[in-house]
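J.: Data: entry_30.pdb, PDB, C-alpha atoms and all ligand atoms.
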ATOM      1  CA  MET A   1     -59.055  30.938  -3.750
ATOM      2  CA  ALA A   2     -56.067  29.061  -5.272
ATOM      3  CA  VAL A   3     -56.577  27.185  -8.574
ATOM      4  CA  LEU A   4     -57.521  23.528  -7.878
ATOM      5  CA  LYS A   5     -54.778  21.041  -8.796
ATOM      6  CA  LYS A   6     -55.830  17.709 -10.234
ATOM      7  CA  ARG A   7     -52.461  16.088  -9.514
ATOM      8  CA  PHE A   8     -53.082  16.583  -5.785
ATOM      9  CA  GLY A   9     -56.570  15.032  -5.982
ATOM     10  CA  GLN A  10     -58.205  18.307  -4.999
ATOM     11  CA  HIS A  11     -61.958  17.830  -4.646
ATOM     12  CA  PHE A  12     -63.067  20.189  -1.914
ATOM     13  CA  LEU A  13     -66.093  19.539   0.274
ATOM     14  CA  HIS A  14     -68.656  22.331   0.432
ATOM     15  CA  ASP A  15     -71.637  20.532   2.018
ATOM     16  CA  GLU A  16     -71.783  21.835   5.603
ATOM     17  CA  GLY A  17     -73.897  18.900   6.789
ATOM     18  CA  VAL A  18     -71.350  16.371   5.487
ATOM     19  CA  LEU A  19     -68.446  18.327   6.980
ATOM     20  CA  GLN A  20     -70.147  18.368  10.372
ATOM     21  CA  ARG A  21     -70.789  14.612  10.275
ATOM     22  CA  ILE A  22     -67.154  13.896   9.375
ATOM     23  CA  ALA A  23     -65.889  16.113  12.207
ATOM     24  CA  SER A  24     -68.110  14.335  14.727
ATOM     25  CA  ALA A  25     -67.155  10.849  13.423
ATOM     26  CA  CYS A  26     -63.533  11.707  14.205
ATOM     27  CA  LEU A  27     -64.440  11.399  17.933
ATOM     28  CA  ALA A  28     -61.580  13.691  18.878
ATOM     29  CA  ALA A  29     -61.959  15.140  22.336
ATOM     30  CA  PRO A  30     -60.335  18.343  23.618
ATOM     31  CA  GLY A  31     -56.802  17.542  24.746
ATOM     32  CA  GLU A  32     -56.334  14.683  22.269
ATOM     33  CA  GLN A  33     -53.755  15.195  19.546
ATOM     34  CA  THR A  34     -55.528  15.336  16.188
ATOM     35  CA  VAL A  35     -54.068  15.502  12.692
ATOM     36  CA  GLU A  36     -55.928  16.401   9.506
ATOM     37  CA  ILE A  37     -54.403  15.118   6.272
ATOM     38  CA  GLY A  38     -54.929  17.385   3.263
ATOM     39  CA  PRO A  39     -56.832  20.349   4.745
ATOM     40  CA  GLY A  40     -57.091  22.012   1.300
ATOM     41  CA  GLY A  41     -59.165  25.186   1.645
ATOM     42  CA  GLY A  42     -59.806  24.469   5.340
ATOM     43  CA  ALA A  43     -63.499  23.504   5.163
ATOM     44  CA  LEU A  44     -63.116  20.439   7.408
ATOM     45  CA  THR A  45     -60.440  22.204   9.470
ATOM     46  CA  ALA A  46     -62.981  24.848  10.512
ATOM     47  CA  HIS A  47     -65.451  22.175  11.656
ATOM     48  CA  LEU A  48     -62.774  20.277  13.566
ATOM     49  CA  LEU A  49     -61.784  23.487  15.350
ATOM     50  CA  GLN A  50     -65.318  23.832  16.680
ATOM     51  CA  ARG A  51     -64.539  20.734  18.767
ATOM     52  CA  LEU A  52     -60.809  20.982  19.336
ATOM     53  CA  GLU A  53     -58.475  23.459  20.967
ATOM     54  CA  ARG A  54     -55.470  22.449  18.830
ATOM     55  CA  LEU A  55     -55.039  20.746  15.460
ATOM     56  CA  HIS A  56     -52.119  19.658  13.268
ATOM     57  CA  VAL A  57     -52.612  19.672   9.501
ATOM     58  CA  ILE A  58     -50.388  18.245   6.738
ATOM     59  CA  GLU A  59     -50.733  19.806   3.281
ATOM     60  CA  ILE A  60     -48.537  19.374   0.204
ATOM     61  CA  ASP A  61     -49.792  22.349  -1.843
ATOM     62  CA  ARG A  62     -47.753  25.381  -0.845
ATOM     63  CA  ASP A  63     -50.294  27.825  -2.349
ATOM     64  CA  LEU A  64     -52.925  26.419   0.004
ATOM     65  CA  VAL A  65     -50.511  26.425   2.931
ATOM     66  CA  ALA A  66     -50.125  30.200   2.639
ATOM     67  CA  ASP A  67     -53.920  30.727   2.741
ATOM     68  CA  LEU A  68     -54.335  28.250   5.602
ATOM     69  CA  GLY A  69     -51.676  30.064   7.643
ATOM     70  CA  ARG A  70     -53.589  33.346   7.314
ATOM     71  CA  ARG A  71     -56.959  31.794   8.129
ATOM     72  CA  PHE A  72     -55.835  29.546  11.001
ATOM     73  CA  PRO A  73     -52.934  31.226  12.810
ATOM     74  CA  PRO A  74     -50.839  29.437  15.432
ATOM     75  CA  PRO A  75     -50.952  28.244  18.150
ATOM     76  CA  ARG A  76     -54.356  26.590  17.502
ATOM     77  CA  VAL A  77     -53.298  25.160  14.150
ATOM     78  CA  THR A  78     -49.835  23.806  13.371
ATOM     79  CA  ILE A  79     -49.300  23.507   9.631
ATOM     80  CA  HIS A  80     -46.851  20.911   8.308
ATOM     81  CA  GLU A  81     -46.087  21.633   4.653
ATOM     82  CA  GLY A  82     -45.072  18.505   2.750
ATOM     83  CA  ASP A  83     -45.946  15.068   1.476
ATOM     84  CA  VAL A  84     -47.775  12.991   4.086
ATOM     85  CA  LEU A  85     -46.245   9.840   2.551
ATOM     86  CA  ARG A  86     -42.852  11.057   3.793
ATOM     87  CA  PHE A  87     -44.085  12.255   7.153
ATOM     88  CA  SER A  88     -43.902  10.358  10.434
ATOM     89  CA  LEU A  89     -47.030  11.250  12.395
ATOM     90  CA  CYS A  90     -45.373   9.951  15.560
ATOM     91  CA  GLU A  91     -43.278  13.150  15.529
ATOM     92  CA  ILE A  92     -46.513  14.959  16.454
ATOM     93  CA  GLY A  93     -47.440  12.659  19.320
ATOM     94  CA  ALA A  94     -46.075   9.419  20.693
ATOM     95  CA  SER A  95     -49.504   7.851  21.305
ATOM     96  CA  GLY A  96     -53.263   8.336  21.069
ATOM     97  CA  LEU A  97     -53.246  10.331  17.818
ATOM     98  CA  ARG A  98     -56.558  10.810  15.987
ATOM     99  CA  VAL A  99     -56.181  11.172  12.214
ATOM    100  CA  VAL A 100     -58.860  12.484   9.870
ATOM    101  CA  GLY A 101     -59.062  13.569   6.253
ATOM    102  CA  ASN A 102     -60.881  13.825   2.986
ATOM    103  CA  LEU A 103     -58.008  12.031   1.313
ATOM    104  CA  PRO A 104     -56.609  12.568  -2.163
ATOM    105  CA  TYR A 105     -57.939   9.387  -3.799
ATOM    106  CA  ASN A 106     -54.829   8.925  -5.995
ATOM    107  CA  ILE A 107     -52.667   8.133  -2.951
ATOM    108  CA  SER A 108     -55.210   6.524  -0.610
ATOM    109  CA  THR A 109     -53.890   2.928  -0.732
ATOM    110  CA  PRO A 110     -50.161   3.746  -0.251
ATOM    111  CA  LEU A 111     -51.181   6.246   2.416
ATOM    112  CA  ILE A 112     -53.151   3.640   4.377
ATOM    113  CA  PHE A 113     -50.145   1.263   4.235
ATOM    114  CA  HIS A 114     -47.884   4.121   5.378
ATOM    115  CA  LEU A 115     -50.162   4.894   8.347
ATOM    116  CA  LEU A 116     -50.530   1.239   9.383
ATOM    117  CA  ASP A 117     -46.843   1.318  10.292
ATOM    118  CA  GLN A 118     -47.281   4.207  12.758
ATOM    119  CA  PRO A 119     -47.973   2.874  16.255
ATOM    120  CA  CYS A 120     -48.898   6.295  17.677
ATOM    121  CA  ILE A 121     -52.307   6.314  15.922
ATOM    122  CA  GLN A 122     -55.467   5.641  17.961
ATOM    123  CA  SER A 123     -58.042   6.089  15.189
ATOM    124  CA  MET A 124     -58.408   7.141  11.566
ATOM    125  CA  VAL A 125     -61.493   8.559   9.851
ATOM    126  CA  PHE A 126     -61.135   8.918   6.106
ATOM    127  CA  LEU A 127     -63.341   9.918   3.229
ATOM    128  CA  LEU A 128     -62.357   7.592   0.390
ATOM    129  CA  GLN A 129     -63.516   6.280  -2.927
ATOM    130  CA  LYS A 130     -66.399   3.880  -2.133
ATOM    131  CA  GLU A 131     -64.627   0.970  -3.935
ATOM    132  CA  VAL A 132     -61.640   1.330  -1.601
ATOM    133  CA  VAL A 133     -63.886   1.236   1.492
ATOM    134  CA  ASP A 134     -65.617  -1.866   0.053
ATOM    135  CA  ARG A 135     -62.192  -3.515  -0.281
ATOM    136  CA  LEU A 136     -61.085  -2.503   3.227
ATOM    137  CA  ALA A 137     -64.219  -4.010   4.791
ATOM    138  CA  ALA A 138     -64.689  -7.027   2.480
ATOM    139  CA  ALA A 139     -65.213 -10.515   3.888
ATOM    140  CA  PRO A 140     -63.432 -13.595   2.432
ATOM    141  CA  CYS A 141     -64.849 -15.110  -0.773
ATOM    142  CA  GLY A 142     -66.421 -11.846  -1.977
ATOM    143  CA  PRO A 143     -65.338 -10.022  -5.132
ATOM    144  CA  ASP A 144     -63.830  -7.084  -3.204
ATOM    145  CA  TYR A 145     -61.697  -9.236  -0.899
ATOM    146  CA  GLY A 146     -57.958  -9.101  -1.545
ATOM    147  CA  ARG A 147     -54.525  -8.186  -0.251
ATOM    148  CA  LEU A 148     -55.656  -4.739   0.953
ATOM    149  CA  SER A 149     -58.545  -6.290   2.970
ATOM    150  CA  VAL A 150     -56.261  -8.827   4.668
ATOM    151  CA  MET A 151     -53.415  -6.412   5.411
ATOM    152  CA  VAL A 152     -55.735  -3.771   6.888
ATOM    153  CA  GLN A 153     -58.002  -6.168   8.820
ATOM    154  CA  ALA A 154     -54.885  -7.748  10.345
ATOM    155  CA  ARG A 155     -54.013  -4.363  11.862
ATOM    156  CA  CYS A 156     -57.347  -2.560  12.354
ATOM    157  CA  ASP A 157     -61.046  -2.891  13.043
ATOM    158  CA  VAL A 158     -62.783  -1.473   9.964
ATOM    159  CA  ALA A 159     -66.189   0.237  10.135
ATOM    160  CA  PRO A 160     -67.681   1.715   6.946
ATOM    161  CA  LEU A 161     -69.764   4.790   7.814
ATOM    162  CA  PHE A 162     -71.989   6.905   5.570
ATOM    163  CA  ALA A 163     -71.876   7.506   1.807
ATOM    164  CA  VAL A 164     -71.173  11.000   0.422
ATOM    165  CA  SER A 165     -72.565  12.044  -2.945
ATOM    166  CA  ALA A 166     -70.306  13.544  -5.613
ATOM    167  CA  GLN A 167     -72.431  16.720  -5.420
ATOM    168  CA  ALA A 168     -70.955  17.484  -1.982
ATOM    169  CA  PHE A 169     -67.576  18.292  -3.633
ATOM    170  CA  THR A 170     -66.158  21.023  -5.886
ATOM    171  CA  PRO A 171     -65.409  19.794  -8.501
ATOM    172  CA  PRO A 172     -67.548  16.634  -8.165
ATOM    173  CA  PRO A 173     -65.387  13.491  -8.488
ATOM    174  CA  LYS A 174     -66.337  10.797 -11.016
ATOM    175  CA  VAL A 175     -66.576   8.197  -8.240
ATOM    176  CA  GLU A 176     -68.787   7.666  -5.217
ATOM    177  CA  SER A 177     -67.314   8.321  -1.773
ATOM    178  CA  ARG A 178     -67.709   6.818   1.662
ATOM    179  CA  LEU A 179     -66.429   7.572   5.137
ATOM    180  CA  VAL A 180     -64.581   4.803   6.958
ATOM    181  CA  TYR A 181     -63.442   4.440  10.571
ATOM    182  CA  LEU A 182     -60.249   2.446  11.209
ATOM    183  CA  ARG A 183     -59.205   1.510  14.752
ATOM    184  CA  PRO A 184     -55.693   0.025  14.964
ATOM    185  CA  ILE A 185     -55.467  -3.078  17.152
ATOM    186  CA  PRO A 186     -51.831  -3.575  18.201
ATOM    187  CA  HIS A 187     -50.221  -7.025  18.082
ATOM    188  CA  ARG A 188     -52.956  -8.786  16.103
ATOM    189  CA  ILE A 189     -50.047 -10.189  14.123
ATOM    190  CA  PRO A 190     -47.161 -10.786  16.535
ATOM    191  CA  ALA A 191     -44.126  -8.705  15.556
ATOM    192  CA  PRO A 192     -41.822 -11.682  14.775
ATOM    193  CA  ASP A 193     -44.375 -12.971  12.205
ATOM    194  CA  ALA A 194     -45.172  -9.639  10.544
ATOM    195  CA  VAL A 195     -42.701  -9.788   7.647
ATOM    196  CA  ARG A 196     -43.561 -13.398   6.813
ATOM    197  CA  PHE A 197     -47.293 -12.535   7.057
ATOM    198  CA  ALA A 198     -46.932  -9.703   4.506
ATOM    199  CA  LYS A 199     -44.914 -11.938   2.151
ATOM    200  CA  LEU A 200     -47.406 -14.815   2.341
ATOM    201  CA  VAL A 201     -50.378 -12.538   1.706
ATOM    202  CA  ALA A 202     -48.654 -10.843  -1.247
ATOM    203  CA  THR A 203     -47.562 -14.191  -2.765
ATOM    204  CA  ALA A 204     -50.952 -15.858  -2.293
ATOM    205  CA  PHE A 205     -52.872 -12.937  -3.821
ATOM    206  CA  SER A 206     -50.450 -12.529  -6.727
ATOM    207  CA  GLN A 207     -52.099 -15.735  -7.987
ATOM    208  CA  ARG A 208     -55.464 -15.467  -6.224
ATOM    209  CA  ARG A 209     -57.218 -18.042  -8.445
ATOM    210  CA  LYS A 210     -54.579 -20.713  -7.837
ATOM    211  CA  MET A 211     -54.902 -23.322  -5.101
ATOM    212  CA  LEU A 212     -52.777 -22.595  -2.040
ATOM    213  CA  ARG A 213     -50.754 -25.737  -2.593
ATOM    214  CA  HIS A 214     -49.533 -24.169  -5.855
ATOM    215  CA  SER A 215     -49.348 -20.477  -4.959
ATOM    216  CA  LEU A 216     -47.564 -21.163  -1.633
ATOM    217  CA  LYS A 217     -45.572 -24.229  -2.651
ATOM    218  CA  ALA A 218     -42.314 -22.467  -1.829
ATOM    219  CA  TYR A 219     -43.459 -22.213   1.795
ATOM    220  CA  PHE A 220     -45.527 -25.323   2.642
ATOM    221  CA  ALA A 221     -45.431 -29.031   1.786
ATOM    222  CA  ALA A 222     -48.316 -31.526   2.064
ATOM    223  CA  ASP A 223     -47.359 -32.410   5.666
ATOM    224  CA  ASP A 224     -47.427 -28.765   6.642
ATOM    225  CA  TRP A 225     -50.958 -28.285   5.284
ATOM    226  CA  ARG A 226     -52.052 -31.356   7.269
ATOM    227  CA  ALA A 227     -50.410 -30.049  10.446
ATOM    228  CA  LEU A 228     -52.033 -26.654   9.909
ATOM    229  CA  GLY A 229     -55.478 -28.164   9.286
ATOM    230  CA  ILE A 230     -55.940 -25.997   6.176
ATOM    231  CA  ASP A 231     -57.189 -27.558   2.953
ATOM    232  CA  PRO A 232     -54.472 -26.768   0.366
ATOM    233  CA  THR A 233     -56.997 -26.861  -2.492
ATOM    234  CA  ARG A 234     -58.511 -23.611  -1.141
ATOM    235  CA  ARG A 235     -57.648 -20.297  -2.801
ATOM    236  CA  ALA A 236     -56.177 -17.136  -1.241
ATOM    237  CA  GLU A 237     -59.493 -15.305  -1.514
ATOM    238  CA  THR A 238     -61.139 -17.773   0.925
ATOM    239  CA  LEU A 239     -58.683 -17.227   3.799
ATOM    240  CA  ALA A 240     -59.485 -14.810   6.623
ATOM    241  CA  PHE A 241     -56.606 -12.806   8.084
ATOM    242  CA  GLU A 242     -56.593 -15.151  11.116
ATOM    243  CA  GLU A 243     -55.740 -18.067   8.804
ATOM    244  CA  PHE A 244     -52.942 -16.102   7.137
ATOM    245  CA  ALA A 245     -51.724 -15.365  10.682
ATOM    246  CA  MET A 246     -51.657 -19.131  11.401
ATOM    247  CA  LEU A 247     -49.618 -19.678   8.241
ATOM    248  CA  ALA A 248     -47.179 -16.934   9.246
ATOM    249  CA  ALA A 249     -46.761 -18.368  12.760
ATOM    250  CA  TYR A 250     -46.314 -21.957  11.570
ATOM    251  CA  ARG A 251     -42.902 -23.600  11.822
ATOM    252  CA  SER A 252     -42.456 -27.047  10.322
ATOM    253  CA  PRO A 253     -41.061 -29.652  12.764
ATOM    254  CA  ALA A 254     -37.655 -29.297  11.046
ATOM    255  CA  GLU A 255     -37.662 -25.480  11.390
ATOM    256  CA  ALA A 256     -38.823 -25.708  15.009
ATOM    257  CA  GLY A 257     -35.919 -28.081  15.769
ATOM    258  CA  VAL A 258     -38.200 -30.955  16.795
ATOM    259  CA  GLN A 259     -36.403 -34.318  16.561
ATOM    260  CA  GLU A 260     -38.312 -37.382  15.378
ATOM    261  CA  PRO A 261     -38.326 -39.802  18.340
ATOM    262  CA  SER A 262     -35.827 -42.568  17.533
ATOM    263  CA  THR A 263     -37.362 -46.034  17.309
ATOM    264  CA  PRO A 264     -35.979 -48.382  19.951
TER     265      PRO A 264
HETATM  266  N1  LIG B   1     -59.901  18.685   3.242
HETATM  267  C1  LIG B   1     -60.264  19.454   2.082
HETATM  268  C2  LIG B   1     -61.740  19.331   1.843
HETATM  269  O1  LIG B   1     -62.336  18.360   2.308
HETATM  270  O2  LIG B   1     -62.313  20.218   1.214
HETATM  271  C3  LIG B   1     -59.468  19.026   0.834
HETATM  272  C4  LIG B   1     -59.510  17.569   0.475
HETATM  273  S1  LIG B   1     -58.800  17.192  -1.098
HETATM  274  C5  LIG B   1     -59.669  15.732  -1.535
HETATM  275  C6  LIG B   1     -57.205  16.474  -0.697
HETATM  276  C7  LIG B   1     -56.190  17.423  -0.114
HETATM  277  O3  LIG B   1     -54.977  16.704   0.130
HETATM  278  C8  LIG B   1     -55.795  18.571  -1.021
HETATM  279  O4  LIG B   1     -55.738  19.757  -0.293
HETATM  280  C9  LIG B   1     -54.392  18.202  -1.538
HETATM  281  O5  LIG B   1     -53.579  19.318  -1.884
HETATM  282  C10 LIG B   1     -53.844  17.424  -0.356
HETATM  283  N2  LIG B   1     -52.799  16.458  -0.716
HETATM  284  C11 LIG B   1     -52.681  15.732  -1.862
HETATM  285  N3  LIG B   1     -51.619  14.923  -1.832
HETATM  286  C12 LIG B   1     -51.023  15.119  -0.622
HETATM  287  C13 LIG B   1     -49.864  14.590   0.005
HETATM  288  N4  LIG B   1     -49.113  13.657  -0.598
HETATM  289  N5  LIG B   1     -49.538  15.040   1.244
HETATM  290  C14 LIG B   1     -50.305  15.982   1.874
HETATM  291  N6  LIG B   1     -51.422  16.529   1.318
HETATM  292  C15 LIG B   1     -51.788  16.108   0.102
END
Let's see the structure in the file written out as structure tokens.
Ligand code: SAM

T.:
Amino acid sequence: MAVLKKRFGQHFLHDEGVLQRIASACLAAPGEQTVEIGPGGGALTAHLLQRLERLHVIEIDRDLVADLGRRFPPPRVTIHEGDVLRFSLCEIGASGLRVVGNLPYNISTPLIFHLLDQPCIQSMVFLLQKEVVDRLAAAPCGPDYGRLSVMVQARCDVAPLFAVSAQAFTPPPKVESRLVYLRPIPHRIPAPDAVRFAKLVATAFSQRRKMLRHSLKAYFAADDWRALGIDPTRRAETLAFEEFAMLAAYRSPAEAGVQEPSTP
């Protein structure tokens, strides 16, 4: 077996029971296009292939790619060697893609943002650091709620699944792990509002303890807060994604081109 590389977040699963549960949580059915991110030594790959006729895998470590190619020859497994952060999964399938992986924890947040932009994905099942799953699923006002929670919940339904102990990995990571299921919901934020939504969320959470009337003063005046029906003394951490969506969709009367009726 190749030497494990820390820089690629290589903690390989060896617990057969855990591997089986992850493969079944993926819900992939024969005929559906499925992609595994970071197959490593192929432990999860083997379990996925018990359920699937074909599988795509994306792996950055070229030493592992050589071993994977010998163990899982084409056409059942298509190996894409490279960095998943630079890879468009929609090249594999235009729609209905199932994505699964025991992800390298050092890139999990940028990777989730990268995948949120890929409309071909039907579902994602990822083993992640437990703290990241807590943040993905957090409700407003809690300590784990933040920009990541809002941005992901605005694009996906989030369902935390089971916990996985560090002893299930070689070498055991220093953190706890948890499986999460993400189901993208298209158009939750209408496309014309998406850029403004991302900017508002980033600005509000860059000063999460400040009242909205201060943190978002470049965007909204007192009249706007009244028209929106949102109390401007609230803080970013109290707003659900639906409220950020209202802010992103809002146009002040001046922006919307509404003329004040002239007094006779
Ligand atoms: N799936 C295997 C398992 O469960 O035993 C390995 C999981 S290990 C946590 C993460 C895997 O992702 C490693 O094989 C690593 O080389 C690979 N990896 C790390 N960074 C990557 C990247 N940017 N693109 C693709 N694969 C990556």

J.: Which one of A:Cys141, A:Met211, A:Leu136, A:Ala202 sits closest to Leu239 (chain A) if you count only C-alpha atoms?

T.: A:Cys141

J.: Can you list, as a compact mmCIF listing (two decimals) with C-alpha atoms, in the coordinates of the input, every protein, DNA or RNA residue that comes within 10 Å of Asp224 (chain A) when you count only C-alpha atoms, leaving out same-chain residues fewer than 6 positions away?

T.:
# COMPACT_ATOMS: atom_id res chain seq x y z
CA ILE A 230 -55.94 -26.00 6.18
CA PRO A 232 -54.47 -26.77 0.37
CA LEU A 247 -49.62 -19.68 8.24
CA TYR A 250 -46.31 -21.96 11.57
CA ARG A 251 -42.90 -23.60 11.82
CA SER A 252 -42.46 -27.05 10.32
CA PRO A 253 -41.06 -29.65 12.76

J.: Dump the neighbourhood of ligand LIG 1 (chain B) as a PyMOL selection string: all residues within 9 Å, distances computed on all atoms listed in the file.

T.: chain A and resi 4-14+19+36-45+57-62+64+80-87+101-107+111+127-128+169-170

J.: Which one of A:Val201, A:His114, A:Ala194, A:Leu212 sits closest to Ala249 (chain A) if you count all atoms listed in the file?

T.: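 Closest to Ala249 (chain A), using all atoms listed in the file: A:Ala194.
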
J.: One number please: CA of Pro75 (chain A) to CA of Ile121 (chain A), in Å, one decimal.

T.: 22.1 Å

J.: I'd like the residues picked by the PyMOL selection byres (((chain A and resi 161) around 6) and not hetatm) written out as an NGL selection string, using the chain letters and numbers from the file.

T.: :A and (160 or 162 or 179-180)

J.: With C-alpha atoms retained, could you export that selection as an mmCIF file, keeping the file's coordinate frame?

T.:
data_model
loop_
_atom_site.group_PDB
_atom_site.id
_atom_site.type_symbol
_atom_site.label_atom_id
_atom_site.label_comp_id
_atom_site.auth_asym_id
_atom_site.auth_seq_id
_atom_site.Cartn_x
_atom_site.Cartn_y
_atom_site.Cartn_z
ATOM 1 C CA PRO A 160 -67.681 1.715 6.946
ATOM 2 C CA PHE A 162 -71.989 6.905 5.570
ATOM 3 C CA LEU A 179 -66.429 7.572 5.137
ATOM 4 C CA VAL A 180 -64.581 4.803 6.958
#

J.: Tell me which of A:Gln122, A:Thr78, A:Ser95, A:Ser108 sits closest to Cys26 (chain A), counting only C-alpha atoms.

T.: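 Checking each candidate against Cys26 (chain A), we get A:Gln122 as the closest.
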
J.: Taking the file as I've supplied it (selection: the PyMOL selection byres (((chain A and resi 200) around 12) and not hetatm)), which residues are included? Please answer as number ranges by chain.

T.: A: 147, 150-151, 193-199, 201-208, 212, 215-220, 236, 239, 241, 243-250

J.: Pop region 26-38 of chain A out of the structure in the block and write N, CA and C atoms as a JSON list (two decimals), in the first residue's frame.

T.:
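Below is the file result-v2.json, written as the result:
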[["chain", "number", "residue", "atom", "x", "y", "z"],
["A", 26, "CYS", "N", -25.90, 6.42, 0.32],
["A", 26, "CYS", "CA", -25.70, 7.13, -0.95],
["A", 26, "CYS", "C", -26.93, 7.01, -1.85],
["A", 27, "LEU", "N", -27.74, 5.96, -1.62],
["A", 27, "LEU", "CA", -29.02, 5.76, -2.32],
["A", 27, "LEU", "C", -28.88, 5.60, -3.83],
["A", 28, "ALA", "N", -27.67, 5.38, -4.29],
["A", 28, "ALA", "CA", -27.48, 5.26, -5.74],
["A", 28, "ALA", "C", -28.12, 3.96, -6.23],
["A", 29, "ALA", "N", -28.82, 4.07, -7.32],
["A", 29, "ALA", "CA", -29.46, 2.89, -7.90],
["A", 29, "ALA", "C", -28.74, 2.55, -9.20],
["A", 30, "PRO", "N", -28.77, 1.26, -9.60],
["A", 30, "PRO", "CA", -28.12, 0.90, -10.86],
["A", 30, "PRO", "C", -28.64, 1.80, -11.97],
["A", 31, "GLY", "N", -27.73, 2.27, -12.82],
["A", 31, "GLY", "CA", -28.15, 3.13, -13.93],
["A", 31, "GLY", "C", -27.97, 4.61, -13.61],
["A", 32, "GLU", "N", -27.89, 4.95, -12.30],
["A", 32, "GLU", "CA", -27.66, 6.36, -11.97],
["A", 32, "GLU", "C", -26.17, 6.64, -11.98],
["A", 33, "GLN", "N", -25.81, 7.82, -12.46],
["A", 33, "GLN", "CA", -24.39, 8.20, -12.50],
["A", 33, "GLN", "C", -23.94, 8.54, -11.09],
["A", 34, "THR", "N", -22.87, 7.89, -10.64],
["A", 34, "THR", "CA", -22.39, 8.12, -9.28],
["A", 34, "THR", "C", -20.91, 8.45, -9.31],
["A", 35, "VAL", "N", -20.52, 9.40, -8.46],
["A", 35, "VAL", "CA", -19.13, 9.84, -8.42],
["A", 35, "VAL", "C", -18.63, 9.73, -6.98],
["A", 36, "GLU", "N", -17.49, 9.08, -6.79],
["A", 36, "GLU", "CA", -16.87, 9.07, -5.46],
["A", 36, "GLU", "C", -15.70, 10.05, -5.46],
["A", 37, "ILE", "N", -15.69, 10.93, -4.48],
["A", 37, "ILE", "CA", -14.57, 11.88, -4.35],
["A", 37, "ILE", "C", -13.56, 11.29, -3.36],
["A", 38, "GLY", "N", -12.32, 11.21, -3.80],
["A", 38, "GLY", "CA", -11.24, 10.73, -2.92],
["A", 38, "GLY", "C", -11.37, 9.26, -2.58]]
